[in-house]
Each structure stands twice: as structure tokens, then as C-alpha cells.
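**Student:** Could you have a look at this structure, given as C-alpha cells, before my questions?
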Amino acid sequence: MTVRELMDKYVRLLRRAGIKSPRADVEWLASDVFKCSRSELALHGHKMPTREQVDRMRKNIKRRLDREPLQHILGIGDFYGYEFRVSSAVLIPRPETETLAELALGFLHPLPAPVAFDLGTGSGCIAITLAKRCPGVKVIASDVSESALNLAKLNAETLDAIEQVEFREADGLPALAEGEQVDLIVSNPPYIPSGDIAGLQPEVRHYDPHLALDGGEDGLQFHRLLAAEGQSRLKPGGKLMAEFGDGQESAIEGLFAQAAWASVKITNDLTGRPRIVIASAGQ
């Protein structure tokens, strides 16, 4: 069986199992096994794979059939053009969160020596992206999970951003010391209602850490804290930017308006869905 025939066989297998993008998944797994880019796979199509390569493909396809995310099998997830190590300790970086990073960078760039706080950093994808794309920024990145922080630190070292990012193990806003203020609070906090987690896709339900998913009974537990306490952690004119879930925009807007933020704006993600709240502190 040639490489092409092997790949076609597994595409059919994943398709029958209901995997969303079987061809792309097989190509990613094959490019890892055959040590080439996806675009170069055609050059290997006529070759005969080794027994070791066949075994690796078979084992990885079995993992995907068990609905383990592709990023976990490969050990990496892409975010904003960078490769981040991922594991079951962190949420896999999502494309829609790139909008959050883009908005944060747009706010930080004009500031002379900005300080940003990434609450719930996970893999470090937001914090490290800010550091890479805004050379003058200092980023404080916190997480309640020691395993997540260890992975984020490794990503920062690999991507040469460790000098700009300070990692702190803490639960929420107490990661900032008493009286410590920053220019920007940025966060992709848990926002799935507790009762909805059982109905999520298997890739999310079984493999993403529930700590990074569960936003309490209505999904707004962490946004309430950010709305109530975030403004005191910002410098005058500072901003808070946080992601939220589908259908939560009205409740989120109400929380921040009730907490007397100077302004509250809801922004769409790349798919056109309301996804990010931008709240501004007073001068």
C-alpha cells in the first residue's frame, strides 16, 4: 500500500466516523509521520511507507477516532502564526480568540511602556502573542493551574518571549498585588454554563480541562468578577477586554454597565458573532 492509498483509506475511515474535516486531519497526521509539509505530501504519494510509519499512522488515527483533538495528537496548536505546545492541561487555542489578541495589540501599540495582564493564560497564547507583536510591552500572565503555567513558560522560552512575560500562579485578579495597576486586562475566561458542558463535542468535553470551560451556572461567574473588580486594577484610561460565549452579549453588557465602567462595547469575532467585551476605565 502506497502513502496515497494509506491516506485515502484513513480519510474514508474518519469520514464514516463523522469527523468534521477528515482529509485535512489525515494530511496533518501524515505530514507529521512522514516529516514533510502538507503541500509536499503529493511528492510522497507513490512511495511505500515503512512498517514503523504505518504503525504510527494507525495509532494516531485510532486516537482521532476516539475524538482526541488533532492538536493533542500533534502536540501543537497554531495561534496568530505561532506554534504553541498544548496538552490536556490547557484549552486549545481557538481562531476566534485571535480577534481578542488583535484588539489588545491595537490598544497597546501607541502606549510608551504598556503593562498588560492576561488572566487565565492557559497555553500562554495571548500573553506571548502580545509580547512578540508589541516589543515594548510587559505582560503579567496568571493561571490557577500549575501545569498550565509550566506549559506556558515552556512556550514563552521556545518563542523567545520569556523576558517580557512574568508568570504568576493565582486565581483571578488577586494575581495582581494590592495597589498594582495595569494598562490592559485581557482574558479568555471560562464561559460555558455548567449544565451545558455534557452536551459539548467529545473533543471539548473529554479533552479540554473543565477548569477552563466551566463558567458557573449561567456561564458568567468570571465576567461578574471582572466587571465588579477589574476597574480598580486598571490605570486611568485603561481597558479590559474579555471573550464570552454565544448569546451572552446582552447580559455581559449589562454587568459592565451596572458596574459603572466609563464605556462598554461589544465586538464581533472573525465569524461575525458577538464575542468580546471592551470596557474602559475612567480617566
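So you can find residues: chains in the C-alpha cells are A, B, ... in the order shown, residues in each start at 1, and ligands are numbered from 1 in order.
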Give me the residues near Ile197 in chain A as a list in words, where near means some atom within 10 Å (using only C-alpha atoms) and where sequence neighbours in that chain fewer than 5 positions away do not count.

**Tutor:**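 The filter keeps Ile192, Pro202, Val204, Arg205, His206, His210, Leu213, Asp214 and Gly215 of chain A.
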
**Student:** Can you pull out the residues contacting range 160-167 of chain A? Cut-off 6 Å, using only C-alpha atoms, and skip same-chain residues under 6 positions away; I want them as a PyMOL selection string.

**Tutor:** chain A and resi 138-142

**Student:** I need the chosen residues saved as an mmCIF file, in the first residue's frame, with N, CA and C atoms.

**Tutor:**
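Okay, again-v4.cif is ready:
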data_model
loop_
_atom_site.group_PDB
_atom_site.id
_atom_site.type_symbol
_atom_site.label_atom_id
_atom_site.label_comp_id
_atom_site.auth_asym_id
_atom_site.auth_seq_id
_atom_site.Cartn_x
_atom_site.Cartn_y
_atom_site.Cartn_z
ATOM 1 N N LYS A 138 5.180 44.824 28.733
ATOM 2 C CA LYS A 138 5.420 43.844 29.790
ATOM 3 C C LYS A 138 4.089 43.155 30.038
ATOM 4 N N VAL A 139 4.107 41.824 30.085
ATOM 5 C CA VAL A 139 2.876 41.062 30.274
ATOM 6 C C VAL A 139 2.970 40.259 31.563
ATOM 7 N N ILE A 140 1.950 40.388 32.388
ATOM 8 C CA ILE A 140 1.782 39.533 33.561
ATOM 9 C C ILE A 140 0.770 38.469 33.169
ATOM 10 N N ALA A 141 1.147 37.203 33.267
ATOM 11 C CA ALA A 141 0.268 36.105 32.855
ATOM 12 C C ALA A 141 0.003 35.208 34.054
ATOM 13 N N SER A 142 -1.268 35.029 34.384
ATOM 14 C CA SER A 142 -1.600 34.224 35.560
ATOM 15 C C SER A 142 -2.478 33.044 35.193
#

**Student:** So, with only C-alpha atoms as the atoms that count, which of A:Phe117, A:Gly124, A:Leu225, A:Arg133 lies closest to Lys153 in chain A?

**Tutor:**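 Of A:Phe117, A:Gly124, A:Leu225, A:Arg133, the one nearest Lys153 in chain A is A:Gly124, counting only C-alpha atoms.
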
**Student:** Mind checking which residues fall within 12 Å of His46 in chain A, counting only C-alpha atoms, ignoring those fewer than 6 positions away in the same chain, and posting them as a PDB file with N, CA and C atoms, in the first residue's frame?

**Tutor:**
ATOM      1  N   MET A   1       0.840  -1.194   0.000  1.00  0.00           N
ATOM      2  CA  MET A   1       0.000   0.000   0.000  1.00  0.00           C
ATOM      3  C   MET A   1       0.880   1.251   0.000  1.00  0.00           C
ATOM      4  N   THR A   2       0.624   2.153  -0.922  1.00  0.00           N
ATOM      5  CA  THR A   2       1.407   3.384  -1.003  1.00  0.00           C
ATOM      6  C   THR A   2       0.940   4.392   0.046  1.00  0.00           C
ATOM      7  N   VAL A   3       1.715   5.462   0.176  1.00  0.00           N
ATOM      8  CA  VAL A   3       1.343   6.531   1.099  1.00  0.00           C
ATOM      9  C   VAL A   3      -0.025   7.105   0.716  1.00  0.00           C
ATOM     10  N   ARG A   4      -0.240   7.326  -0.573  1.00  0.00           N
ATOM     11  CA  ARG A   4      -1.526   7.873  -1.030  1.00  0.00           C
ATOM     12  C   ARG A   4      -2.676   6.933  -0.689  1.00  0.00           C
ATOM     13  N   GLU A   5      -2.486   5.660  -0.935  1.00  0.00           N
ATOM     14  CA  GLU A   5      -3.545   4.681  -0.643  1.00  0.00           C
ATOM     15  C   GLU A   5      -3.815   4.590   0.854  1.00  0.00           C
ATOM     16  N   LEU A   6      -2.755   4.660   1.636  1.00  0.00           N
ATOM     17  CA  LEU A   6      -2.909   4.633   3.086  1.00  0.00           C
ATOM     18  C   LEU A   6      -3.711   5.846   3.568  1.00  0.00           C
ATOM     19  N   MET A   7      -3.385   7.013   3.038  1.00  0.00           N
ATOM     20  CA  MET A   7      -4.093   8.228   3.416  1.00  0.00           C
ATOM     21  C   MET A   7      -5.561   8.169   3.003  1.00  0.00           C
TER      22      MET A   7
END

**Student:** For a test of reading the model, state the distance in Å between CA of Asp118 in chain A and CA of Leu270 in chain A, rounded to one decimal.

**Tutor:**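 Here the two named atoms are 20.9 Å from each other.
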
**Student:** Give me the residues within 10 Å of Asp78 in chain A as an mmCIF file with N, CA and C atoms, in the first residue's frame, counting only C-alpha atoms and dropping any in the same chain fewer than 2 places off.

**Tutor:**
data_model
loop_
_atom_site.group_PDB
_atom_site.id
_atom_site.type_symbol
_atom_site.label_atom_id
_atom_site.label_comp_id
_atom_site.auth_asym_id
_atom_site.auth_seq_id
_atom_site.Cartn_x
_atom_site.Cartn_y
_atom_site.Cartn_z
ATOM 1 N N GLN A 71 -4.840 18.621 17.682
ATOM 2 C CA GLN A 71 -3.748 19.380 18.300
ATOM 3 C C GLN A 71 -3.078 18.590 19.421
ATOM 4 N N ILE A 76 0.805 20.333 19.257
ATOM 5 C CA ILE A 76 0.921 21.764 18.990
ATOM 6 C C ILE A 76 -0.421 22.324 18.505
ATOM 7 N N TYR A 80 -2.200 32.860 15.901
ATOM 8 C CA TYR A 80 -1.632 34.113 15.404
ATOM 9 C C TYR A 80 -0.304 33.888 14.661
ATOM 10 N N GLY A 81 -0.184 32.734 14.012
ATOM 11 C CA GLY A 81 1.020 32.434 13.232
ATOM 12 C C GLY A 81 2.142 31.795 14.016
ATOM 13 N N TYR A 82 1.894 31.520 15.301
ATOM 14 C CA TYR A 82 2.910 30.877 16.142
ATOM 15 C C TYR A 82 2.435 29.481 16.536
ATOM 16 N N GLU A 83 3.390 28.577 16.728
ATOM 17 C CA GLU A 83 3.066 27.232 17.182
ATOM 18 C C GLU A 83 3.250 27.146 18.693
ATOM 19 N N PHE A 84 2.183 26.728 19.383
ATOM 20 C CA PHE A 84 2.204 26.590 20.834
ATOM 21 C C PHE A 84 2.065 25.128 21.225
ATOM 22 N N ARG A 85 2.897 24.699 22.154
ATOM 23 C CA ARG A 85 2.707 23.367 22.712
ATOM 24 C C ARG A 85 1.383 23.344 23.478
ATOM 25 N N VAL A 86 0.634 22.282 23.307
ATOM 26 C CA VAL A 86 -0.632 22.136 24.015
ATOM 27 C C VAL A 86 -0.691 20.759 24.658
ATOM 28 N N ILE A 92 -7.180 24.370 24.024
ATOM 29 C CA ILE A 92 -6.554 24.509 22.718
ATOM 30 C C ILE A 92 -6.858 25.905 22.178
ATOM 31 N N PRO A 93 -5.858 26.652 21.714
ATOM 32 C CA PRO A 93 -6.115 27.992 21.169
ATOM 33 C C PRO A 93 -7.125 27.951 20.026
ATOM 34 N N ARG A 94 -8.110 28.859 20.082
ATOM 35 C CA ARG A 94 -9.149 28.925 19.063
ATOM 36 C C ARG A 94 -8.905 30.106 18.126
ATOM 37 N N PRO A 95 -9.248 29.943 16.838
ATOM 38 C CA PRO A 95 -9.058 31.053 15.891
ATOM 39 C C PRO A 95 -9.812 32.320 16.286
ATOM 40 N N CYS A 125 -0.925 31.610 24.952
ATOM 41 C CA CYS A 125 -1.002 32.071 23.560
ATOM 42 C C CYS A 125 -1.268 33.574 23.451
#

**Student:** Please provide as a ChimeraX atom specification all residues within 8 Å of range 271-279 of chain A, with the sequence filter that same-chain residues fewer than 3 positions apart are discarded (counting only C-alpha atoms).

**Tutor:** /A:96,100,239-247,249,252-253,256,261-268

**Student:** Go through A:Ile73, A:Glu27, A:Lys62, A:Cys36 and flag the residue nearest Tyr207 in chain A, using only C-alpha atoms for the distances.

**Tutor:**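 Nearest candidate to Tyr207 in chain A out of A:Ile73, A:Glu27, A:Lys62, A:Cys36: A:Ile73.
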